[in-house]
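Novice: My questions will all concern the structure given below.
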Amino acid sequence: MAHNHSTVSDLVLYILAFFIPPLAVFFRTGCDADFLINICLTILAWFPGVIHAFWIIHRTKRAVVVPAIGGHKGPVTGHHY
């Protein structure tokens, strides 16, 4: 069974999503279709915007930054000798 651990930043996003759903979605995904959908849902009715924001925060993962090894600036493709 996989464990999905929430971080402090996720908790802050959930709290923000309760009060300002589009801003929480923007912080998680940037200015994309999810952000625009959330704005529309929040304008139509606040509660659907909150539910959508919670769903976006739950289903998306933050990007993992991999530091460059030995000054390599391209994508990490496998073994480094």
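Note on naming: chains are A, B, ... as they come in the structure tokens, residues start from 1 per chain, ligands start from 1 in the order shown.
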Hey, what's within 12 Å of stretch 33-41 of chain A if we count only C-alpha atoms and toss same-chain stuff fewer than 2 positions away? As an NGL selection string, please?
Specialist: :A and (17 or 20-31 or 43-57 or 59-60)
